[in-house]
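Pasted below: data.cif, mmCIF, C-alpha atoms and all ligand atoms.
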data_upload
#
loop_
_atom_site.label_atom_id
_atom_site.label_comp_id
_atom_site.auth_asym_id
_atom_site.auth_seq_id
_atom_site.Cartn_x
_atom_site.Cartn_y
_atom_site.Cartn_z
CA MET A 26 108.23 172.16 86.38
CA THR A 27 110.83 169.39 86.11
CA LEU A 28 113.39 169.67 83.34
CA LEU A 29 111.45 168.79 80.21
CA PRO A 30 113.30 167.41 77.17
CA LYS A 31 113.66 170.16 74.58
CA VAL A 32 114.37 170.38 70.85
CA GLU A 33 116.02 173.60 69.69
CA LEU A 34 116.00 174.48 65.98
CA HIS A 35 117.37 178.05 65.99
CA LEU A 36 120.72 178.67 67.66
CA HIS A 37 123.62 180.67 66.20
CA LEU A 38 126.84 178.99 67.29
CA GLU A 39 128.83 182.24 67.57
CA GLY A 40 125.83 183.92 69.19
CA ALA A 41 125.87 181.28 71.90
CA ALA A 42 129.42 182.18 72.99
CA PRO A 43 129.41 183.39 76.61
CA PRO A 44 131.00 186.86 77.04
CA ALA A 45 133.69 185.41 79.35
CA PHE A 46 134.64 182.91 76.63
CA ILE A 47 135.08 185.70 74.07
CA ARG A 48 136.94 187.96 76.53
CA ASP A 49 139.31 185.11 77.31
CA LEU A 50 140.01 184.41 73.61
CA ALA A 51 140.56 188.11 72.89
CA GLY A 52 143.00 188.28 75.84
CA GLN A 53 144.98 185.25 74.62
CA LYS A 54 145.24 186.75 71.13
CA HIS A 55 145.91 190.33 72.31
CA MET A 56 142.89 191.55 70.38
CA ASP A 57 141.22 194.81 71.31
CA ILE A 58 137.45 194.26 71.26
CA GLY A 59 136.71 196.98 73.82
CA GLY A 60 133.28 198.50 73.85
CA ILE A 61 131.22 195.37 73.31
CA PHE A 62 130.72 194.63 77.01
CA ASP A 63 128.70 196.46 79.67
CA GLU A 64 129.96 197.21 83.18
CA ARG A 65 128.63 193.82 84.40
CA GLY A 66 130.56 191.98 81.70
CA GLY A 67 127.57 191.14 79.49
CA TYR A 68 127.26 192.04 75.81
CA ALA A 69 126.15 195.67 75.34
CA PHE A 70 123.96 196.91 72.47
CA ARG A 71 121.09 199.35 72.09
CA ASP A 72 119.34 198.10 68.98
CA PHE A 73 119.33 195.45 66.26
CA ARG A 74 122.02 196.98 64.04
CA GLN A 75 124.33 197.47 66.99
CA PHE A 76 123.59 193.94 68.12
CA LEU A 77 124.80 192.68 64.72
CA LYS A 78 128.00 194.76 65.02
CA VAL A 79 128.73 193.51 68.55
CA TYR A 80 128.02 189.96 67.37
CA GLU A 81 130.53 190.30 64.53
CA THR A 82 133.17 191.86 66.77
CA ALA A 83 132.79 189.04 69.30
CA THR A 84 132.97 186.50 66.47
CA SER A 85 136.20 188.05 65.15
CA THR A 86 138.02 186.40 68.10
CA LEU A 87 137.12 182.93 66.77
CA THR A 88 139.97 182.56 64.31
CA ARG A 89 140.91 178.86 64.40
CA PRO A 90 139.12 175.49 64.18
CA GLU A 91 140.21 174.73 67.75
CA ASP A 92 138.39 177.86 68.97
CA TYR A 93 135.19 176.41 67.49
CA HIS A 94 135.95 173.03 69.07
CA ARG A 95 136.07 174.65 72.51
CA LEU A 96 133.02 176.76 71.73
CA VAL A 97 130.88 173.76 70.74
CA LEU A 98 131.78 171.93 73.97
CA ALA A 99 130.85 174.99 76.06
CA VAL A 100 127.62 175.70 74.16
CA LEU A 101 126.37 172.12 74.20
CA ALA A 102 127.08 171.76 77.94
CA GLU A 103 124.84 174.78 78.53
CA SER A 104 122.11 173.50 76.19
CA ALA A 105 122.15 170.03 77.76
CA ALA A 106 121.87 171.62 81.24
CA SER A 107 118.65 173.24 80.02
CA GLY A 108 117.26 169.86 78.93
CA VAL A 109 117.98 170.18 75.20
CA ILE A 110 118.28 166.72 73.62
CA TYR A 111 118.62 167.86 69.98
CA SER A 112 119.92 171.13 68.59
CA GLU A 113 120.28 172.61 65.12
CA SER A 114 122.89 175.32 64.96
CA PHE A 115 123.56 177.97 62.34
CA LEU A 116 127.17 177.81 61.12
CA SER A 117 128.65 180.44 58.83
CA PRO A 118 131.58 179.75 56.47
CA ASP A 119 131.92 183.58 56.47
CA PHE A 120 133.34 183.30 59.99
CA CYS A 121 134.89 179.83 59.52
CA GLY A 122 137.67 180.27 56.98
CA GLY A 123 136.25 183.12 54.88
CA ARG A 124 134.13 180.86 52.62
CA ASP A 125 137.13 178.90 51.37
CA VAL A 126 135.87 175.33 50.98
CA SER A 127 138.97 173.55 52.27
CA ALA A 128 139.28 175.85 55.31
CA TRP A 129 135.53 175.40 55.92
CA ARG A 130 136.04 171.61 55.93
CA GLU A 131 138.69 172.00 58.65
CA TYR A 132 136.39 174.10 60.83
CA LEU A 133 133.57 171.66 60.24
CA HIS A 134 135.78 168.74 61.23
CA ALA A 135 136.60 170.46 64.56
CA ILE A 136 132.93 171.33 65.15
CA ARG A 137 131.79 167.76 64.48
CA GLU A 138 134.52 166.26 66.63
CA ALA A 139 133.39 168.42 69.57
CA ALA A 140 129.73 167.59 68.88
CA ASP A 141 130.55 163.86 69.01
CA LEU A 142 132.28 164.35 72.37
CA ALA A 143 129.30 166.30 73.72
CA GLU A 144 126.91 163.61 72.49
CA LYS A 145 128.91 160.96 74.37
CA ARG A 146 129.17 163.21 77.44
CA ASP A 147 125.64 164.61 77.67
CA GLY A 148 123.52 162.70 75.14
CA ILE A 149 122.79 165.90 73.20
CA ILE A 150 122.70 165.64 69.39
CA LEU A 151 123.89 168.55 67.20
CA ARG A 152 123.28 169.10 63.49
CA GLY A 153 124.40 172.06 61.35
CA ILE A 154 122.65 174.54 59.08
CA VAL A 155 125.06 176.46 56.85
CA THR A 156 123.99 180.07 56.93
CA ALA A 157 124.62 183.00 54.62
CA ILE A 158 124.66 186.50 56.08
CA ARG A 159 122.20 188.71 54.26
CA HIS A 160 123.99 192.03 54.67
CA PHE A 161 127.20 190.52 53.26
CA GLY A 162 125.32 190.42 49.93
CA PRO A 163 124.22 187.84 47.31
CA GLN A 164 127.71 187.15 45.90
CA LYS A 165 129.11 186.05 49.27
CA ALA A 166 125.91 184.06 49.81
CA ARG A 167 126.71 182.13 46.59
CA GLU A 168 130.15 181.21 47.92
CA THR A 169 128.53 180.16 51.20
CA ALA A 170 126.00 178.04 49.31
CA LEU A 171 128.87 176.30 47.52
CA CYS A 172 130.49 175.48 50.89
CA ALA A 173 127.10 174.16 51.99
CA ALA A 174 126.63 172.04 48.87
CA GLU A 175 130.15 170.57 49.21
CA THR A 176 129.50 169.44 52.77
CA ALA A 177 125.78 168.56 52.62
CA GLY A 178 124.93 165.20 54.19
CA GLU A 179 123.65 163.60 57.35
CA TRP A 180 125.35 166.25 59.53
CA ILE A 181 125.02 169.45 57.49
CA VAL A 182 121.29 169.21 56.97
CA GLY A 183 120.15 172.70 56.01
CA PHE A 184 120.88 176.06 54.45
CA GLY A 185 119.73 179.36 55.92
CA LEU A 186 119.88 183.13 55.70
CA ALA A 187 120.47 185.37 58.74
CA GLY A 188 121.69 188.93 59.28
CA ASP A 189 120.03 192.24 58.49
CA GLU A 190 116.60 191.40 57.12
CA LYS A 191 116.22 194.88 55.66
CA SER A 192 119.26 194.43 53.45
CA GLY A 193 118.18 193.38 49.94
CA LYS A 194 115.26 191.14 49.01
CA PRO A 195 114.82 187.36 49.33
CA LYS A 196 114.84 187.13 45.50
CA ASP A 197 118.47 188.33 45.47
CA PHE A 198 119.43 185.05 47.15
CA GLN A 199 117.50 182.73 44.83
CA TRP A 200 120.60 181.27 43.16
CA SER A 201 122.06 180.26 46.53
CA PHE A 202 118.85 178.67 47.73
CA ASP A 203 118.41 176.78 44.45
CA ALA A 204 121.98 175.44 44.74
CA ALA A 205 121.43 174.39 48.35
CA ARG A 206 118.13 172.69 47.50
CA GLU A 207 119.76 170.81 44.62
CA ALA A 208 122.41 169.58 47.07
CA GLY A 209 119.62 168.04 49.15
CA LEU A 210 119.61 170.68 51.90
CA ARG A 211 116.48 171.80 53.70
CA LEU A 212 115.77 175.54 53.81
CA THR A 213 115.14 178.18 56.47
CA VAL A 214 115.17 181.98 56.21
CA HIS A 215 115.22 184.68 58.91
CA ALA A 216 112.17 186.85 58.16
CA GLY A 217 109.37 188.64 59.96
CA GLU A 218 111.71 189.61 62.79
CA TRP A 219 112.83 193.13 61.81
CA ASP A 220 110.74 193.43 58.70
CA GLY A 221 107.01 192.89 58.25
CA PRO A 222 104.75 190.23 56.72
CA ASP A 223 105.94 190.72 53.10
CA SER A 224 109.40 189.62 54.11
CA VAL A 225 107.95 186.29 55.30
CA ARG A 226 105.71 185.93 52.27
CA ASN A 227 108.66 186.50 49.89
CA ALA A 228 110.95 184.10 51.78
CA ILE A 229 108.37 181.36 51.21
CA LYS A 230 107.52 182.33 47.62
CA ASP A 231 110.98 183.24 46.26
CA LEU A 232 113.27 180.99 48.28
CA GLY A 233 111.02 178.04 49.11
CA ALA A 234 111.66 178.34 52.85
CA GLU A 235 110.13 175.43 54.74
CA ARG A 236 110.89 177.05 58.07
CA ILE A 237 111.06 180.72 58.95
CA GLY A 238 113.51 182.05 61.52
CA HIS A 239 111.28 184.12 63.83
CA GLY A 240 108.38 184.89 61.45
CA VAL A 241 106.47 186.42 64.35
CA ARG A 242 105.52 189.59 62.47
CA ALA A 243 103.32 187.43 60.24
CA ILE A 244 100.75 188.09 62.98
CA GLU A 245 100.26 191.55 61.38
CA ASP A 246 98.63 189.97 58.31
CA THR A 247 95.66 187.61 58.75
CA ALA A 248 95.91 186.11 55.26
CA LEU A 249 99.60 185.34 55.77
CA VAL A 250 98.92 183.60 59.10
CA ASP A 251 96.34 181.43 57.28
CA GLU A 252 98.81 180.71 54.46
CA ILE A 253 101.56 179.69 56.89
CA ALA A 254 99.21 177.40 58.79
CA GLU A 255 97.86 175.87 55.59
CA LYS A 256 101.29 175.27 54.05
CA ASP A 257 102.68 173.83 57.31
CA VAL A 258 105.53 176.35 57.32
CA VAL A 259 107.16 176.08 60.74
CA LEU A 260 108.18 179.16 62.74
CA GLU A 261 111.41 179.06 64.74
CA VAL A 262 110.20 181.46 67.41
CA CYS A 263 112.73 182.98 69.82
CA PRO A 264 110.59 185.02 72.22
CA GLY A 265 113.36 186.09 74.63
CA SER A 266 115.40 187.38 71.68
CA ASN A 267 112.43 189.38 70.34
CA ILE A 268 111.80 190.94 73.75
CA ALA A 269 115.48 191.71 74.40
CA LEU A 270 115.71 193.44 71.00
CA GLY A 271 112.55 195.45 71.68
CA ILE A 272 110.24 193.97 69.02
CA TYR A 273 107.69 193.27 71.76
CA PRO A 274 107.56 195.03 75.12
CA ASP A 275 107.01 191.96 77.31
CA TRP A 276 106.25 188.23 77.34
CA ARG A 277 102.47 188.57 77.56
CA ARG A 278 102.39 190.72 74.44
CA HIS A 279 104.53 188.33 72.40
CA PRO A 280 102.44 186.72 69.58
CA ILE A 281 103.66 183.11 69.99
CA CYS A 282 100.52 182.03 71.82
CA ALA A 283 98.20 183.78 69.34
CA LEU A 284 100.04 182.19 66.39
CA ARG A 285 99.75 178.74 67.97
CA GLU A 286 96.05 179.23 68.62
CA ARG A 287 95.62 180.15 64.94
CA GLY A 288 97.04 176.75 63.95
CA VAL A 289 100.58 177.84 63.07
CA LYS A 290 103.33 175.32 63.89
CA VAL A 291 105.48 177.18 66.39
CA THR A 292 108.71 175.98 67.99
CA VAL A 293 110.80 177.61 70.75
CA SER A 294 114.50 178.52 70.57
CA THR A 295 117.00 180.94 72.11
CA ASP A 296 118.73 182.48 69.03
CA ASP A 297 121.83 183.93 70.77
CA PRO A 298 121.32 183.05 74.44
CA PRO A 299 124.04 185.01 76.29
CA PHE A 300 123.30 188.13 74.22
CA PHE A 301 119.70 188.01 75.36
CA ARG A 302 120.42 186.65 78.85
CA THR A 303 118.36 183.58 78.19
CA THR A 304 118.52 179.78 78.10
CA MET A 305 115.99 177.21 76.88
CA ALA A 306 114.96 176.59 80.50
CA ARG A 307 114.33 180.34 80.95
CA GLU A 308 112.29 180.53 77.73
CA TYR A 309 110.05 177.72 79.03
CA HIS A 310 109.76 179.37 82.42
CA HIS A 311 108.65 182.71 80.95
CA LEU A 312 106.23 181.09 78.49
CA ALA A 313 104.61 179.08 81.29
CA ALA A 314 104.22 182.24 83.38
CA ALA A 315 102.88 184.39 80.51
CA PHE A 316 100.50 181.92 78.87
CA GLY A 317 99.85 179.22 81.47
CA TRP A 318 101.42 176.56 79.25
CA ASP A 319 101.82 173.23 81.04
CA SER A 320 104.10 170.28 80.36
CA ASP A 321 101.63 168.85 77.80
CA ALA A 322 101.88 172.08 75.78
CA PHE A 323 105.67 172.03 75.92
CA ILE A 324 105.90 168.35 74.94
CA ASP A 325 103.56 169.12 72.04
CA ILE A 326 105.87 171.95 70.95
CA ALA A 327 108.93 169.70 71.27
CA LYS A 328 107.22 167.08 69.07
CA THR A 329 106.40 169.76 66.49
CA SER A 330 110.08 170.73 66.59
CA ALA A 331 111.22 167.12 66.16
CA ASP A 332 108.91 166.75 63.15
CA ALA A 333 110.31 169.98 61.67
CA ALA A 334 113.97 169.09 62.34
CA PHE A 335 116.07 168.72 59.19
CA CYS A 336 117.79 165.51 60.40
CA ASP A 337 117.34 162.03 58.94
CA THR A 338 114.52 159.69 59.95
CA ALA A 339 116.59 157.51 62.30
CA THR A 340 117.72 160.59 64.27
CA ARG A 341 114.17 161.95 64.38
CA ASP A 342 112.80 158.60 65.63
CA ASN A 343 115.45 158.59 68.33
CA ILE A 344 114.47 162.11 69.49
CA LYS A 345 110.76 161.30 69.40
CA ARG A 346 111.27 158.15 71.48
CA LYS A 347 112.94 160.31 74.14
CA LEU A 348 110.07 162.82 74.05
CA GLU A 349 107.47 160.07 74.24
CA SER A 350 109.11 158.41 77.23
CA SER A 351 108.94 161.71 79.14
CA ASP A 352 105.29 162.00 78.15
CA ALA A 353 104.06 158.97 80.12
N1 LIG B 1 122.27 186.59 63.59
C1 LIG B 1 122.34 186.24 64.87
N2 LIG B 1 121.19 186.51 65.51
C2 LIG B 1 120.36 187.06 64.59
C3 LIG B 1 119.04 187.55 64.62
N3 LIG B 1 118.30 187.54 65.73
N4 LIG B 1 118.51 188.05 63.49
C4 LIG B 1 119.25 188.08 62.36
N5 LIG B 1 120.50 187.61 62.28
C5 LIG B 1 121.05 187.12 63.39
ZN ZN B 2 118.56 183.95 64.45
#
For this file, produce the structure as structure tokens.
Ligand code: ADE
Ligand code: ZN
Amino acid sequence: MTLLPKVELHLHLEGAAPPAFIRDLAGQKHMDIGGIFDERGGYAFRDFRQFLKVYETATSTLTRPEDYHRLVLAVLAESAASGVIYSESFLSPDFCGGRDVSAWREYLHAIREAADLAEKRDGIILRGIVTAIRHFGPQKARETALCAAETAGEWIVGFGLAGDEKSGKPKDFQWSFDAAREAGLRLTVHAGEWDGPDSVRNAIKDLGAERIGHGVRAIEDTALVDEIAEKDVVLEVCPGSNIALGIYPDWRRHPICALRERGVKVTVSTDDPPFFRTTMAREYHHLAAAFGWDSDAFIDIAKTSADAAFCDTATRDNIKRKLESSDA
């Protein structure tokens, strides 16, 4: 299959940092982050909780706006090489200045400057979703939501919730989601990845999530699958991530195809690509092999993703024109 144009809606910026990039930063700063790499130099973790710990340790090396500038250039080069033309990335003020609004603005400035360079270099467009970390608790999420509200606009387009899905309940984060919504931000919540269908149901009901990060475990509840399809809630599915973390044993047993056949709007993303040894091109390759999806199916998914993107209309029209011209 030639390199199809792709739209990625679920990518954690820190989670997209290659291990060599993090090792190099740690070396420059004389930081000891031993134990997070395997003997081949990749990230090492056994389960979800350990993955989150390794992720946070790796992220602790990103201490300055210029580190994020370099990171964005590296990440977008990799995404563009996979055919991604538009990407929405989760950004966390927790890691960018400790939720202090003026420090957050400095990080954001560096991130946007790098994104502009990458757009000129590779044509790839980046937009940001400010993301609270669930296991840091509702109070920190409020501070994060304030950072989000202060910087909401045509570049920061959404607000999200990531982290340990089993920590607390969606309702605990209602204040933050209300504040983000009032600031004009669109909403997405990680759910139905580590926890079951109720987690997805509550993210929609209590937080007004329009998109669900993962959401794949909705498949365990027929009524919920119908509700998601009916309400046009979009799933940001990251199959390679789910398989690497052991939620499903292999590609053929991943529910993305079944969800799509039931009328759910599914999209495809990588989540934290170097952690899961994946890229968007690899996701497409495995999906084609497991489910026989052809280029028409992938273009259809990319159009669903463009429609579900949180960007403004002019940006969406621009992406859709590119998808349509590859469709001929
Ligand atoms: N943060 C980064 N990757 C994540 C994932 N897959 N689930 C929850 N939080 C995350
Ligand atoms: Zn995620």
Chain A residues near ligand ZN 2 (chain B) within 12 Å, closest pair each, using all atoms listed in the file, as CSV:
residue,atom,partner,partner_atom,distance
A:Glu33,CA,B:ZN2,ZN,11.9
A:Leu34,CA,B:ZN2,ZN,9.9
A:His35,CA,B:ZN2,ZN,6.2
A:Leu36,CA,B:ZN2,ZN,6.5
A:His37,CA,B:ZN2,ZN,6.3
A:Leu38,CA,B:ZN2,ZN,10.1
A:Glu39,CA,B:ZN2,ZN,10.9
A:Gly40,CA,B:ZN2,ZN,8.7
A:Ala41,CA,B:ZN2,ZN,10.8
A:Phe73,CA,B:ZN2,ZN,11.7
A:Phe76,CA,B:ZN2,ZN,11.8
A:Leu77,CA,B:ZN2,ZN,10.7
A:Tyr80,CA,B:ZN2,ZN,11.6
A:Glu113,CA,B:ZN2,ZN,11.5
A:Ser114,CA,B:ZN2,ZN,9.7
A:Phe115,CA,B:ZN2,ZN,8.1
A:Leu116,CA,B:ZN2,ZN,11.1
A:Ile154,CA,B:ZN2,ZN,11.6
A:Thr156,CA,B:ZN2,ZN,10.1
A:Ala157,CA,B:ZN2,ZN,11.6
A:Ile158,CA,B:ZN2,ZN,10.7
A:Arg159,CA,B:ZN2,ZN,11.8
A:Gly185,CA,B:ZN2,ZN,9.8
A:Leu186,CA,B:ZN2,ZN,8.9
A:Ala187,CA,B:ZN2,ZN,6.2
A:Gly188,CA,B:ZN2,ZN,7.8
A:Asp189,CA,B:ZN2,ZN,10.3
A:Glu190,CA,B:ZN2,ZN,10.6
A:Thr213,CA,B:ZN2,ZN,10.4
A:Val214,CA,B:ZN2,ZN,9.1
A:His215,CA,B:ZN2,ZN,6.5
A:Ala216,CA,B:ZN2,ZN,9.4
A:Gly217,CA,B:ZN2,ZN,11.3
A:Glu218,CA,B:ZN2,ZN,9.0
A:Trp219,CA,B:ZN2,ZN,11.1
A:Ile237,CA,B:ZN2,ZN,9.8
A:Gly238,CA,B:ZN2,ZN,6.1
A:His239,CA,B:ZN2,ZN,7.3
A:Gly240,CA,B:ZN2,ZN,10.7
A:Leu260,CA,B:ZN2,ZN,11.6
A:Glu261,CA,B:ZN2,ZN,8.7
A:Val262,CA,B:ZN2,ZN,9.2
A:Cys263,CA,B:ZN2,ZN,8.0
A:Pro264,CA,B:ZN2,ZN,11.2
A:Gly265,CA,B:ZN2,ZN,11.6
A:Ser266,CA,B:ZN2,ZN,8.6
A:Asn267,CA,B:ZN2,ZN,10.1
A:Leu270,CA,B:ZN2,ZN,11.9
A:Val293,CA,B:ZN2,ZN,11.8
A:Ser294,CA,B:ZN2,ZN,9.1
A:Thr295,CA,B:ZN2,ZN,8.4
A:Asp296,CA,B:ZN2,ZN,4.8
A:Asp297,CA,B:ZN2,ZN,7.1
A:Pro298,CA,B:ZN2,ZN,10.4
A:Phe300,CA,B:ZN2,ZN,11.6
A:Phe301,CA,B:ZN2,ZN,11.7
Next, write the just-selected residues to a file, as an mmCIF file, in the frame of the given file, keeping C-alpha atoms as the atom set.
data_model
loop_
_atom_site.group_PDB
_atom_site.id
_atom_site.type_symbol
_atom_site.label_atom_id
_atom_site.label_comp_id
_atom_site.auth_asym_id
_atom_site.auth_seq_id
_atom_site.Cartn_x
_atom_site.Cartn_y
_atom_site.Cartn_z
ATOM 1 C CA GLU A 33 116.020 173.600 69.690
ATOM 2 C CA LEU A 34 116.000 174.480 65.980
ATOM 3 C CA HIS A 35 117.370 178.050 65.990
ATOM 4 C CA LEU A 36 120.720 178.670 67.660
ATOM 5 C CA HIS A 37 123.620 180.670 66.200
ATOM 6 C CA LEU A 38 126.840 178.990 67.290
ATOM 7 C CA GLU A 39 128.830 182.240 67.570
ATOM 8 C CA GLY A 40 125.830 183.920 69.190
ATOM 9 C CA ALA A 41 125.870 181.280 71.900
ATOM 10 C CA PHE A 73 119.330 195.450 66.260
ATOM 11 C CA PHE A 76 123.590 193.940 68.120
ATOM 12 C CA LEU A 77 124.800 192.680 64.720
ATOM 13 C CA TYR A 80 128.020 189.960 67.370
ATOM 14 C CA GLU A 113 120.280 172.610 65.120
ATOM 15 C CA SER A 114 122.890 175.320 64.960
ATOM 16 C CA PHE A 115 123.560 177.970 62.340
ATOM 17 C CA LEU A 116 127.170 177.810 61.120
ATOM 18 C CA ILE A 154 122.650 174.540 59.080
ATOM 19 C CA THR A 156 123.990 180.070 56.930
ATOM 20 C CA ALA A 157 124.620 183.000 54.620
ATOM 21 C CA ILE A 158 124.660 186.500 56.080
ATOM 22 C CA ARG A 159 122.200 188.710 54.260
ATOM 23 C CA GLY A 185 119.730 179.360 55.920
ATOM 24 C CA LEU A 186 119.880 183.130 55.700
ATOM 25 C CA ALA A 187 120.470 185.370 58.740
ATOM 26 C CA GLY A 188 121.690 188.930 59.280
ATOM 27 C CA ASP A 189 120.030 192.240 58.490
ATOM 28 C CA GLU A 190 116.600 191.400 57.120
ATOM 29 C CA THR A 213 115.140 178.180 56.470
ATOM 30 C CA VAL A 214 115.170 181.980 56.210
ATOM 31 C CA HIS A 215 115.220 184.680 58.910
ATOM 32 C CA ALA A 216 112.170 186.850 58.160
ATOM 33 C CA GLY A 217 109.370 188.640 59.960
ATOM 34 C CA GLU A 218 111.710 189.610 62.790
ATOM 35 C CA TRP A 219 112.830 193.130 61.810
ATOM 36 C CA ILE A 237 111.060 180.720 58.950
ATOM 37 C CA GLY A 238 113.510 182.050 61.520
ATOM 38 C CA HIS A 239 111.280 184.120 63.830
ATOM 39 C CA GLY A 240 108.380 184.890 61.450
ATOM 40 C CA LEU A 260 108.180 179.160 62.740
ATOM 41 C CA GLU A 261 111.410 179.060 64.740
ATOM 42 C CA VAL A 262 110.200 181.460 67.410
ATOM 43 C CA CYS A 263 112.730 182.980 69.820
ATOM 44 C CA PRO A 264 110.590 185.020 72.220
ATOM 45 C CA GLY A 265 113.360 186.090 74.630
ATOM 46 C CA SER A 266 115.400 187.380 71.680
ATOM 47 C CA ASN A 267 112.430 189.380 70.340
ATOM 48 C CA LEU A 270 115.710 193.440 71.000
ATOM 49 C CA VAL A 293 110.800 177.610 70.750
ATOM 50 C CA SER A 294 114.500 178.520 70.570
ATOM 51 C CA THR A 295 117.000 180.940 72.110
ATOM 52 C CA ASP A 296 118.730 182.480 69.030
ATOM 53 C CA ASP A 297 121.830 183.930 70.770
ATOM 54 C CA PRO A 298 121.320 183.050 74.440
ATOM 55 C CA PHE A 300 123.300 188.130 74.220
ATOM 56 C CA PHE A 301 119.700 188.010 75.360
#
Shortest interatomic distance to A:Lys191 - which of A:Leu171, A:Ile244, A:Val225, A:Leu28, counting only C-alpha atoms: A:Val225
Atomic distance atom CA of A:Lys145 - atom CA of A:Tyr111, expressed in Å with one decimal: 13.1 Å
Best match for closeness to ligand LIG 1 (chain B) among A:Val79, A:Leu98, A:Leu212, A:Ala205, counting only C-alpha atoms and all ligand atoms: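 Counting only C-alpha atoms and all ligand atoms, the residue closest to ligand LIG 1 (chain B) is A:Val79.
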Nearest to ligand LIG 1 (chain B) by atom-to-atom distance, counting all atoms listed in the file, from A:Pro163, A:Gly271, A:Gly59, A:Pro44: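 Looking only at the distances to ligand LIG 1 (chain B), the closest residue turns out to be A:Gly271.
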Distance in Å - atom CA of A:Leu101 versus atom C2 of ligand LIG 1 (chain B):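 Atom CA of A:Leu101 sits 18.8 Å away from atom C2 of ligand LIG 1 (chain B).
Among the candidate residues A:Arg206, A:His160, A:Arg242, A:His94, the one lying nearest to A:Ala283 is A:Arg242, with distances computed using all atoms listed in the file.
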Selection near A:Cys172, 9 Å with all atoms listed in the file, sequence-local residues under 2 positions removed, as number ranges by chain: A: 118, 124-127, 129-130, 155, 167-170, 174-177
Surrounding residues of A:Ile149 excluding itself and chain neighbours under 6 positions, 10 Å, all atoms listed in the file, as an NGL selection string: :A and (32 or 101-102 or 104-106 or 108-112 or 140-143 or 344)
Residues within 8 Å of (112.3, 175.8, 76.7), counting only C-alpha atoms, listed as a PyMOL selection string: chain A and resi 29+31+107+293-294+304-310+323
